[in-house]
Amino acid sequence: MRSDNELYRRLRELPAGRLLAEEVPAFDALTGRERVARVALIRAVGTVVSACADERLKARARDWLRALMKDGEEKVRRYAAAALPKFQAGAAEESALLEAMKASHEDRERRRLAQSLERVGGEATLRAAESGQTPGVSVRKVKAGLARKSDGSALRMEAEVPGASGRVVHLRCRRGLESFVAEEAAAAEFKVREVRAGCVIAESAAAFTLAKAYRMRCFDTLAFPLGLIKNPSSAGAPDALAALIAGRDAVALMKALCGGPPRYRISLAGASAALMERIAEAAYALEPGVLNDPKSAVFSIDVTSGAAGALVELRPRVTPNPRMHYRVDAVDAASHPPLAACLARASSGADGVIWDPFCGSGLELVERAFLGGVTRLVGTDIDPAAVEMARANFAAAQISGVKAEFLACDFRDSPRLASLSPGTVSLVITNPPLGRRVRVPDLHGLFADLFKVSAQVLRPGGLLVFINPLRLEPEGLPLALQHRRTVDLGGYDCRLEVYRRS
Ligand SMILES: C[S@@+](CC[C@H](N)C(=O)[O-])C[C@H]1O[C@@H](n2cnc3c(N)ncnc32)[C@H](O)[C@@H]1O
């Protein structure tokens with residue numbers, strides 16, 4: 001085994017082309033015993049070739065592995081069966097695996113074949129598994145794989161949420177942004193029931209679809225509460241969770257909101273794979289119409305512990321995020337999109353000319369322009385690539401009636417630009433560099449200058465809305481603090497601040 005691993009590590013370093021052109025023919029010319037001693041090559045081909053971009057090399061590797069399924073050596077067949085699912089396995093590979101399963105009398109090999117069939121199996125595998133010809137192959141897993149491949153298994157954003165009127169939703173957000181989420185929900189025909197740290201609990205007052213809910217821009221994720229498991233460490237907790245997953249409400253929601261057979265994954269911190277399997281099996285026994293698919297599920301069952309027990313929620317996995325339809329590209333330090341939407345809401349009323357001195361890929365400018373009232377916007381950033389991204393994103397957002405200008409420059413030089421002459425700007429809105437992901441040599445100096453430059457370009461009554469990572473205030477400048485709140489920026493706290501130019 002040790003020499004297998006050593007050989008594998010060595011072969012893994014070779015390029016895909018060389019493995020196939022030199023190592024594979026040499027392997028094929030060996031005797032059975034010699035091939036067994038070099039099975040590490042099969043593993044290396046699986047790892048290296050499946051990760052390369054050349055489709056022809058991948059097809060060659062797949063054909064080779066399929067042929068090895070008929071090898072006289074059990075170990076060779078077993079290794080080939082393990083590597084096959086790494087490639088786009090089709091009907092020919094499925095049939096090779098099924099043939100090998102029929103012919104095999106070795107437990108170890110059959111277990112491996114079962115695992116691979118669960119990953120790549122199609123209708124033929126399902127038929128074989130349902131009629132008991134493939135012991136060890138889980139019908140549930142094959143069905144989940146098939147559902148994944150079917151066209152209709154995506155979320156139906158336009159489907160009405162069952163029991164829509166009076167339906168409770170949990171709108172999760174970064175801590176500190178709850179009031180923006182609550183305000184937006186109230187304006188979108190939801191009644192806010194309760195506001196907790198990082199979660200707004202709202203009840204729909206009218207029929208709604210996910211598409212309609214996702215017109216709100218300040219929340220991060222939306223979930224439907226399924227229930228509470230009071231004693232999550234009890235022996236019965238896994239079955240209680242399975243009962244919620246397979247319960248009437250969860251199934252009705254999943255079936256209504258998914259085109260094909262609904263697939264879910266379980267998000268339960270610290271749970272072992274065996275526990276997840278047990279829960280999935282129990283839920284399948286109760287309701288075979290919804291399938292566990294840890295790989296690419298349409299729904300997530302989120303289990304979070306609290307003082308009262310474990311809260312179980314059903315969360316549609318809405319990807320790609322429809323609210324970001326305009327995002328063509330993003331800088332590395334791009335804003336968390338709902339935070340950009342909240343900054344935009346914090347500056348509503350400041351209409352006219354707006355400026356983001358650290359525009360990056362331009363999220364705040366786009367979000368603010370979506371709210372209306374903007375006649376002209378200016379985005380500046382020291383990085384020319386970021387400026388290009390902001391320009392492309394703004395163009396993709398297709399907001400009419402707003403003149404836009406994007407320029408690469410240090411924010412301190414911006415007041416010299418004709419478009420930002422002193423006293424003309426209504427709003428400076430920005431998520432500046434915070435000195436976390438990218439080090440900023442003089443963060444204090446940068447924020448002191450941001451205050452100065454903002455005071456200079458803003459018209460009287462104009463607003464500066466930004467994220468402040470420092471406890472720094474403008475000194476001797478005509479900027480009066482209007483609002484300040486602490487916001488979680490993904491593991492560390494900053495302040496969202498609003499100043500008015502007096
Ligand atoms: C947190 S990012 C902005 C993210 C942006 N809101 C977005 O959604 O993509 C901060 C930006 O400030 C820019 N920056 C850093 N120092 C600057 C300076 N002195 N003048 C102008 N831009 C600067 C960086 O290039 C970076 O794009």
# chains A, B, ... in the order shown; residues from 1 in each chain; ligands from 1
call {"tool": "closest_atom_pairs", "arguments": {"of": "chain A", "to": "ligand 1", "cutoff": "8 Å", "atoms": "only C-alpha atoms and all ligand atoms", "output": "tab-separated table"}}
result
residue	atom	partner	partner_atom_place_in_ligand_line	distance
A:Ala330	CA	ligand 1	9 (O)	5.8
A:Val331	CA	ligand 1	9 (O)	5.3
A:Asp332	CA	ligand 1	9 (O)	7.6
A:Ala333	CA	ligand 1	2 (S)	4.8
A:Ala334	CA	ligand 1	9 (O)	3.5
A:Ser335	CA	ligand 1	8 (O)	4.0
A:His336	CA	ligand 1	8 (O)	7.2
A:Pro337	CA	ligand 1	8 (O)	7.3
A:Ala340	CA	ligand 1	8 (O)	7.0
A:Pro357	CA	ligand 1	21 (C)	5.9
A:Phe358	CA	ligand 1	12 (O)	4.0
A:Cys359	CA	ligand 1	5 (C)	5.0
A:Gly360	CA	ligand 1	27 (O)	3.5
A:Ser361	CA	ligand 1	9 (O)	3.6
A:Gly362	CA	ligand 1	7 (C)	5.1
A:Leu363	CA	ligand 1	8 (O)	4.2
A:Glu364	CA	ligand 1	6 (N)	5.8
A:Thr380	CA	ligand 1	21 (C)	6.3
A:Asp381	CA	ligand 1	22 (N)	3.7
A:Ile382	CA	ligand 1	22 (N)	4.0
A:Asp383	CA	ligand 1	25 (O)	4.7
A:Ala386	CA	ligand 1	27 (O)	5.8
A:Ala390	CA	ligand 1	9 (O)	7.5
A:Ala408	CA	ligand 1	21 (C)	7.7
A:Cys409	CA	ligand 1	21 (C)	6.0
A:Asp410	CA	ligand 1	20 (N)	3.6
A:Phe411	CA	ligand 1	20 (N)	4.1
A:Arg412	CA	ligand 1	20 (N)	6.8
A:Thr430	CA	ligand 1	6 (N)	6.3
A:Asn431	CA	ligand 1	6 (N)	4.9
A:Pro432	CA	ligand 1	10 (C)	4.7
A:Pro433	CA	ligand 1	10 (C)	4.1
A:Leu434	CA	ligand 1	1 (C)	6.7
A:Val440	CA	ligand 1	16 (N)	7.5
A:Leu446	CA	ligand 1	19 (N)	7.2
call {"tool": "closest_atom_pairs", "arguments": {"of": "range 217-328 of chain A", "to": "range 193-211 of chain A", "cutoff": "10 Å", "atoms": "only C-alpha atoms", "output": "JSON lines"}}
result
{"residue": "A:Phe219", "atom": "CA", "partner": "A:Val200", "partner_atom": "CA", "distance": 8.7}
{"residue": "A:Asp220", "atom": "CA", "partner": "A:Gly198", "partner_atom": "CA", "distance": 9.6}
{"residue": "A:Thr221", "atom": "CA", "partner": "A:Cys199", "partner_atom": "CA", "distance": 9.5}
{"residue": "A:Leu222", "atom": "CA", "partner": "A:Leu210", "partner_atom": "CA", "distance": 9.0}
{"residue": "A:Ala223", "atom": "CA", "partner": "A:Ile201", "partner_atom": "CA", "distance": 9.8}
{"residue": "A:Phe224", "atom": "CA", "partner": "A:Ile201", "partner_atom": "CA", "distance": 9.8}
{"residue": "A:Pro225", "atom": "CA", "partner": "A:Ile201", "partner_atom": "CA", "distance": 9.6}
{"residue": "A:Leu257", "atom": "CA", "partner": "A:Leu210", "partner_atom": "CA", "distance": 8.4}
{"residue": "A:Pro316", "atom": "CA", "partner": "A:Leu210", "partner_atom": "CA", "distance": 8.8}
{"residue": "A:Val318", "atom": "CA", "partner": "A:Leu210", "partner_atom": "CA", "distance": 8.9}
{"residue": "A:Pro322", "atom": "CA", "partner": "A:Ala211", "partner_atom": "CA", "distance": 8.2}
{"residue": "A:Arg323", "atom": "CA", "partner": "A:Ala211", "partner_atom": "CA", "distance": 9.6}
call {"tool": "write_last_selection", "arguments": {"atoms": "N, CA, C and O atoms", "output": "short mmCIF file (atom, residue, chain, number, x, y, z; two decimals), in the first residue's frame"}}
result
data_model
loop_
_atom_site.label_atom_id
_atom_site.label_comp_id
_atom_site.auth_asym_id
_atom_site.auth_seq_id
_atom_site.Cartn_x
_atom_site.Cartn_y
_atom_site.Cartn_z
N PHE A 219 -32.11 41.25 1.83
CA PHE A 219 -31.88 40.01 2.59
C PHE A 219 -30.84 39.17 1.85
O PHE A 219 -30.58 39.37 0.66
N ASP A 220 -30.29 38.22 2.59
CA ASP A 220 -29.25 37.37 2.01
C ASP A 220 -29.88 36.07 1.51
O ASP A 220 -29.82 35.76 0.32
N THR A 221 -30.53 35.32 2.42
CA THR A 221 -31.21 34.08 2.00
C THR A 221 -32.62 34.06 2.58
O THR A 221 -32.90 34.69 3.60
N LEU A 222 -33.47 33.29 1.89
CA LEU A 222 -34.87 33.15 2.33
C LEU A 222 -35.10 31.68 2.65
O LEU A 222 -34.69 30.80 1.90
N ALA A 223 -35.76 31.42 3.78
CA ALA A 223 -36.04 30.03 4.14
C ALA A 223 -37.43 29.92 4.75
O ALA A 223 -37.97 30.90 5.29
N PHE A 224 -38.01 28.72 4.64
CA PHE A 224 -39.30 28.44 5.25
C PHE A 224 -39.07 27.62 6.50
O PHE A 224 -38.45 26.54 6.42
N PRO A 225 -39.55 28.08 7.66
CA PRO A 225 -39.35 27.27 8.88
C PRO A 225 -40.19 26.01 8.81
O PRO A 225 -41.35 26.05 8.42
N LEU A 257 -42.24 24.01 -5.79
CA LEU A 257 -41.20 24.96 -6.21
C LEU A 257 -40.10 24.31 -7.06
O LEU A 257 -39.10 24.96 -7.37
N PRO A 316 -34.69 27.28 -0.36
CA PRO A 316 -34.45 27.08 -1.79
C PRO A 316 -33.07 27.62 -2.14
O PRO A 316 -32.72 28.73 -1.72
N VAL A 318 -31.18 29.33 -4.38
CA VAL A 318 -31.42 30.19 -5.54
C VAL A 318 -30.08 30.60 -6.14
O VAL A 318 -29.46 31.56 -5.69
N PRO A 322 -30.67 35.81 -8.81
CA PRO A 322 -31.32 36.61 -9.87
C PRO A 322 -31.15 38.11 -9.65
O PRO A 322 -31.23 38.89 -10.59
N ARG A 323 -30.87 38.50 -8.41
CA ARG A 323 -30.72 39.94 -8.14
C ARG A 323 -29.42 40.48 -8.72
O ARG A 323 -29.23 41.66 -8.85
#
call {"tool": "closest_residue", "arguments": {"among": "A:Ala246, A:Cys218, A:Cys258, A:Ala269", "to": "Arg345 in chain A", "atoms": "only C-alpha atoms"}}
result
A:Cys218
call {"tool": "atom_distance", "arguments": {"atom1": "CA of Gly349 in chain A", "atom2": "CA of Leu470 in chain A"}}
result
26.2 Å
call {"tool": "residues_around", "arguments": {"residues": "Ala308 in chain A", "least_positions_apart": "4", "cutoff": "12 Å", "atoms": "only C-alpha atoms", "output": "JSON, numbers by chain"}}
result
{"A": [227, 228, 229, 230, 231, 232, 304, 312]}
call {"tool": "write_last_selection", "arguments": {"atoms": "N, CA, C and O atoms", "output": "tab-separated table (two decimals), in the first residue's frame"}}
result
chain	number	residue	atom	x	y	z
A	227	GLY	N	-39.88	23.50	11.54
A	227	GLY	CA	-40.18	23.09	12.91
A	227	GLY	C	-38.95	23.18	13.80
A	227	GLY	O	-37.87	23.59	13.36
A	228	LEU	N	-39.17	22.79	15.05
A	228	LEU	CA	-38.11	22.87	16.05
A	228	LEU	C	-37.92	21.49	16.66
A	228	LEU	O	-38.90	20.83	17.01
A	229	ILE	N	-36.68	21.04	16.76
A	229	ILE	CA	-36.42	19.77	17.46
A	229	ILE	C	-35.92	20.15	18.84
A	229	ILE	O	-34.82	20.71	18.98
A	230	LYS	N	-36.78	19.89	19.83
A	230	LYS	CA	-36.48	20.42	21.17
A	230	LYS	C	-35.23	19.83	21.79
A	230	LYS	O	-34.49	20.51	22.45
A	231	ASN	N	-35.02	18.54	21.56
A	231	ASN	CA	-33.84	17.90	22.16
A	231	ASN	C	-32.96	17.31	21.06
A	231	ASN	O	-33.03	16.11	20.78
A	232	PRO	N	-32.14	18.15	20.42
A	232	PRO	CA	-31.41	17.67	19.24
A	232	PRO	C	-30.37	16.60	19.53
A	232	PRO	O	-29.90	15.94	18.61
A	304	THR	N	-30.14	24.66	12.60
A	304	THR	CA	-29.29	25.53	13.42
A	304	THR	C	-29.70	25.43	14.89
A	304	THR	O	-30.88	25.45	15.21
A	312	VAL	N	-35.27	23.92	12.24
A	312	VAL	CA	-35.15	23.28	10.92
A	312	VAL	C	-35.85	24.15	9.89
A	312	VAL	O	-37.02	24.51	10.06
call {"tool": "closest_residue", "arguments": {"among": "A:Leu496, A:Ala283, A:Leu14, A:Ala346", "to": "Asn468 in chain A", "atoms": "only C-alpha atoms"}}
result
A:Leu496
call {"tool": "closest_residue", "arguments": {"among": "A:Ala404, A:Leu286, A:Ala297, A:Met324", "to": "Met216 in chain A", "atoms": "only C-alpha atoms"}}
result
A:Met324
call {"tool": "residues_around", "arguments": {"residues": "Ala396 in chain A", "least_positions_apart": "6", "cutoff": "9 Å", "atoms": "only C-alpha atoms", "output": "VMD selection string"}}
result
chain A and resid 325 to 328
call {"tool": "residues_around", "arguments": {"residues": "Ile301 in chain A", "least_positions_apart": "4", "cutoff": "7 Å", "atoms": "only C-alpha atoms", "output": "list in words"}}
result
Tyr264, Arg265, Ile266, Ser267, Val312, Glu313, Leu314 and Arg315 of chain A
call {"tool": "write_last_selection", "arguments": {"atoms": "N, CA and C atoms", "output": "compact mmCIF listing (two decimals), in the first residue's frame"}}
result
# COMPACT_ATOMS: atom_id res chain seq x y z
N TYR A 264 -32.79 17.54 -2.04
CA TYR A 264 -32.36 18.40 -0.93
C TYR A 264 -31.02 17.91 -0.39
N ARG A 265 -30.32 18.82 0.26
CA ARG A 265 -29.15 18.42 1.04
C ARG A 265 -29.38 18.88 2.46
N ILE A 266 -28.64 18.28 3.37
CA ILE A 266 -28.83 18.65 4.77
C ILE A 266 -27.61 19.44 5.23
N SER A 267 -27.86 20.58 5.81
CA SER A 267 -26.76 21.37 6.36
C SER A 267 -26.86 21.33 7.88
N VAL A 312 -35.27 23.92 12.24
CA VAL A 312 -35.15 23.28 10.92
C VAL A 312 -35.85 24.15 9.89
N GLU A 313 -35.12 24.51 8.86
CA GLU A 313 -35.67 25.38 7.81
C GLU A 313 -35.45 24.74 6.44
N LEU A 314 -36.33 25.06 5.52
CA LEU A 314 -36.17 24.63 4.13
C LEU A 314 -35.77 25.87 3.34
N ARG A 315 -34.58 25.80 2.73
CA ARG A 315 -34.09 26.97 1.99
C ARG A 315 -33.92 26.63 0.51
call {"tool": "select_by_dssp", "arguments": {"residues": "range 197-226 of chain A", "states": "strand (DSSP E or B)", "output": "list in words"}}
result
Cys199, Val200, Ile201, Ala202, Glu203, Ser204, Thr209, Thr221, Leu222, Ala223, Phe224, Pro225 and Leu226 of chain A
call {"tool": "write_last_selection", "arguments": {"atoms": "N, CA, C and O atoms", "output": "short mmCIF file (atom, residue, chain, number, x, y, z; two decimals), in the first residue's frame"}}
result
data_model
loop_
_atom_site.label_atom_id
_atom_site.label_comp_id
_atom_site.auth_asym_id
_atom_site.auth_seq_id
_atom_site.Cartn_x
_atom_site.Cartn_y
_atom_site.Cartn_z
N CYS A 199 -31.92 37.92 11.38
CA CYS A 199 -33.09 37.25 10.78
C CYS A 199 -34.36 38.05 10.99
O CYS A 199 -34.67 38.45 12.12
N VAL A 200 -35.08 38.27 9.90
CA VAL A 200 -36.38 38.94 9.99
C VAL A 200 -37.43 37.87 9.71
O VAL A 200 -37.37 37.19 8.68
N ILE A 201 -38.36 37.71 10.66
CA ILE A 201 -39.41 36.71 10.49
C ILE A 201 -40.65 37.45 9.98
O ILE A 201 -41.15 38.37 10.64
N ALA A 202 -41.07 37.08 8.78
CA ALA A 202 -42.18 37.82 8.16
C ALA A 202 -43.23 36.84 7.67
O ALA A 202 -42.96 35.66 7.43
N GLU A 203 -44.44 37.38 7.53
CA GLU A 203 -45.57 36.54 7.09
C GLU A 203 -46.12 37.18 5.83
O GLU A 203 -46.32 38.40 5.80
N SER A 204 -46.37 36.39 4.81
CA SER A 204 -46.84 36.99 3.56
C SER A 204 -48.31 37.40 3.73
O SER A 204 -49.11 36.67 4.31
N THR A 209 -44.39 34.48 -5.21
CA THR A 209 -43.51 33.50 -5.85
C THR A 209 -42.10 33.81 -5.36
O THR A 209 -41.85 34.89 -4.81
N THR A 221 -30.53 35.32 2.42
CA THR A 221 -31.21 34.08 2.00
C THR A 221 -32.62 34.06 2.58
O THR A 221 -32.90 34.69 3.60
N LEU A 222 -33.47 33.29 1.89
CA LEU A 222 -34.87 33.15 2.33
C LEU A 222 -35.10 31.68 2.65
O LEU A 222 -34.69 30.80 1.90
N ALA A 223 -35.76 31.42 3.78
CA ALA A 223 -36.04 30.03 4.14
C ALA A 223 -37.43 29.92 4.75
O ALA A 223 -37.97 30.90 5.29
N PHE A 224 -38.01 28.72 4.64
CA PHE A 224 -39.30 28.44 5.25
C PHE A 224 -39.07 27.62 6.50
O PHE A 224 -38.45 26.54 6.42
N PRO A 225 -39.55 28.08 7.66
CA PRO A 225 -39.35 27.27 8.88
C PRO A 225 -40.19 26.01 8.81
O PRO A 225 -41.35 26.05 8.42
N LEU A 226 -39.59 24.86 9.18
CA LEU A 226 -40.32 23.59 9.17
C LEU A 226 -40.68 23.14 10.58
O LEU A 226 -41.66 22.44 10.77
#
call {"tool": "closest_residue", "arguments": {"among": "A:Asp249, A:Val48, A:Ser131, A:Ala242", "to": "Ala164 in chain A", "atoms": "only C-alpha atoms"}}
result
A:Asp249
call {"tool": "residues_around", "arguments": {"residues": "Glu23 in chain A", "least_positions_apart": "3", "cutoff": "12 Å", "atoms": "only C-alpha atoms", "output": "ChimeraX atom specification"}}
result
/A:10-12,14-20,26-30,35,38-42,44-45,61
call {"tool": "write_last_selection", "arguments": {"atoms": "N, CA and C atoms", "output": "PDB file, in the first residue's frame"}}
result
ATOM      1  N   ARG A  10       4.211  10.061  -7.369  1.00  0.00           N
ATOM      2  CA  ARG A  10       5.159  10.327  -8.441  1.00  0.00           C
ATOM      3  C   ARG A  10       4.419  10.520  -9.776  1.00  0.00           C
ATOM      4  N   LEU A  11       3.490   9.618 -10.048  1.00  0.00           N
ATOM      5  CA  LEU A  11       2.772   9.674 -11.333  1.00  0.00           C
ATOM      6  C   LEU A  11       1.859  10.904 -11.427  1.00  0.00           C
ATOM      7  N   ARG A  12       1.345  11.315 -10.281  1.00  0.00           N
ATOM      8  CA  ARG A  12       0.434  12.466 -10.236  1.00  0.00           C
ATOM      9  C   ARG A  12       1.114  13.744 -10.727  1.00  0.00           C
ATOM     10  N   LEU A  14       3.075  13.908 -13.294  1.00  0.00           N
ATOM     11  CA  LEU A  14       3.269  13.892 -14.754  1.00  0.00           C
ATOM     12  C   LEU A  14       2.096  14.558 -15.461  1.00  0.00           C
ATOM     13  N   PRO A  15       2.369  15.195 -16.626  1.00  0.00           N
ATOM     14  CA  PRO A  15       1.254  15.795 -17.365  1.00  0.00           C
ATOM     15  C   PRO A  15       0.312  14.737 -17.933  1.00  0.00           C
ATOM     16  N   ALA A  16      -0.955  15.125 -18.140  1.00  0.00           N
ATOM     17  CA  ALA A  16      -1.981  14.189 -18.599  1.00  0.00           C
ATOM     18  C   ALA A  16      -1.558  13.507 -19.900  1.00  0.00           C
ATOM     19  N   GLY A  17      -1.014  14.294 -20.850  1.00  0.00           N
ATOM     20  CA  GLY A  17      -0.638  13.746 -22.155  1.00  0.00           C
ATOM     21  C   GLY A  17       0.404  12.657 -22.013  1.00  0.00           C
ATOM     22  N   ARG A  18       1.369  12.876 -21.121  1.00  0.00           N
ATOM     23  CA  ARG A  18       2.445  11.895 -20.965  1.00  0.00           C
ATOM     24  C   ARG A  18       1.941  10.626 -20.278  1.00  0.00           C
ATOM     25  N   LEU A  19       1.058  10.787 -19.329  1.00  0.00           N
ATOM     26  CA  LEU A  19       0.494   9.598 -18.667  1.00  0.00           C
ATOM     27  C   LEU A  19      -0.149   8.692 -19.711  1.00  0.00           C
ATOM     28  N   LEU A  20      -0.920   9.331 -20.609  1.00  0.00           N
ATOM     29  CA  LEU A  20      -1.663   8.514 -21.590  1.00  0.00           C
ATOM     30  C   LEU A  20      -0.757   7.995 -22.706  1.00  0.00           C
ATOM     31  N   ALA A  26       2.637   1.294 -21.549  1.00  0.00           N
ATOM     32  CA  ALA A  26       3.581   0.454 -20.812  1.00  0.00           C
ATOM     33  C   ALA A  26       2.810  -0.443 -19.832  1.00  0.00           C
ATOM     34  N   PHE A  27       1.804   0.119 -19.178  1.00  0.00           N
ATOM     35  CA  PHE A  27       0.970  -0.643 -18.221  1.00  0.00           C
ATOM     36  C   PHE A  27       0.249  -1.783 -18.943  1.00  0.00           C
ATOM     37  N   ASP A  28      -0.301  -1.460 -20.121  1.00  0.00           N
ATOM     38  CA  ASP A  28      -1.079  -2.464 -20.860  1.00  0.00           C
ATOM     39  C   ASP A  28      -0.217  -3.650 -21.297  1.00  0.00           C
ATOM     40  N   ALA A  29       1.104  -3.411 -21.443  1.00  0.00           N
ATOM     41  CA  ALA A  29       1.981  -4.488 -21.901  1.00  0.00           C
ATOM     42  C   ALA A  29       2.443  -5.388 -20.747  1.00  0.00           C
ATOM     43  N   LEU A  30       2.074  -5.065 -19.511  1.00  0.00           N
ATOM     44  CA  LEU A  30       2.567  -5.836 -18.352  1.00  0.00           C
ATOM     45  C   LEU A  30       1.765  -7.121 -18.145  1.00  0.00           C
ATOM     46  N   ARG A  35       0.734  -5.593 -13.415  1.00  0.00           N
ATOM     47  CA  ARG A  35      -0.286  -4.530 -13.470  1.00  0.00           C
ATOM     48  C   ARG A  35      -0.813  -4.242 -12.063  1.00  0.00           C
ATOM     49  N   ARG A  38       1.175  -1.911 -10.252  1.00  0.00           N
ATOM     50  CA  ARG A  38       1.182  -0.523 -10.756  1.00  0.00           C
ATOM     51  C   ARG A  38      -0.227   0.078 -10.847  1.00  0.00           C
ATOM     52  N   VAL A  39      -1.171  -0.398 -10.014  1.00  0.00           N
ATOM     53  CA  VAL A  39      -2.539   0.143 -10.092  1.00  0.00           C
ATOM     54  C   VAL A  39      -2.577   1.641  -9.779  1.00  0.00           C
ATOM     55  N   ALA A  40      -1.531   2.141  -9.105  1.00  0.00           N
ATOM     56  CA  ALA A  40      -1.495   3.580  -8.787  1.00  0.00           C
ATOM     57  C   ALA A  40      -1.627   4.422 -10.052  1.00  0.00           C
ATOM     58  N   LEU A  41      -1.228   3.858 -11.191  1.00  0.00           N
ATOM     59  CA  LEU A  41      -1.350   4.596 -12.453  1.00  0.00           C
ATOM     60  C   LEU A  41      -2.830   4.906 -12.752  1.00  0.00           C
ATOM     61  N   ILE A  42      -3.702   3.936 -12.441  1.00  0.00           N
ATOM     62  CA  ILE A  42      -5.136   4.134 -12.721  1.00  0.00           C
ATOM     63  C   ILE A  42      -5.651   5.317 -11.898  1.00  0.00           C
ATOM     64  N   ALA A  44      -3.834   7.763 -10.723  1.00  0.00           N
ATOM     65  CA  ALA A  44      -3.214   9.006 -11.214  1.00  0.00           C
ATOM     66  C   ALA A  44      -3.917   9.496 -12.476  1.00  0.00           C
ATOM     67  N   VAL A  45      -4.276   8.566 -13.363  1.00  0.00           N
ATOM     68  CA  VAL A  45      -5.000   8.962 -14.587  1.00  0.00           C
ATOM     69  C   VAL A  45      -6.333   9.603 -14.182  1.00  0.00           C
ATOM     70  N   ALA A  61      -8.890   8.585 -21.788  1.00  0.00           N
ATOM     71  CA  ALA A  61      -8.759   8.005 -20.440  1.00  0.00           C
ATOM     72  C   ALA A  61     -10.018   7.208 -20.094  1.00  0.00           C
TER      73      ALA A  61
END
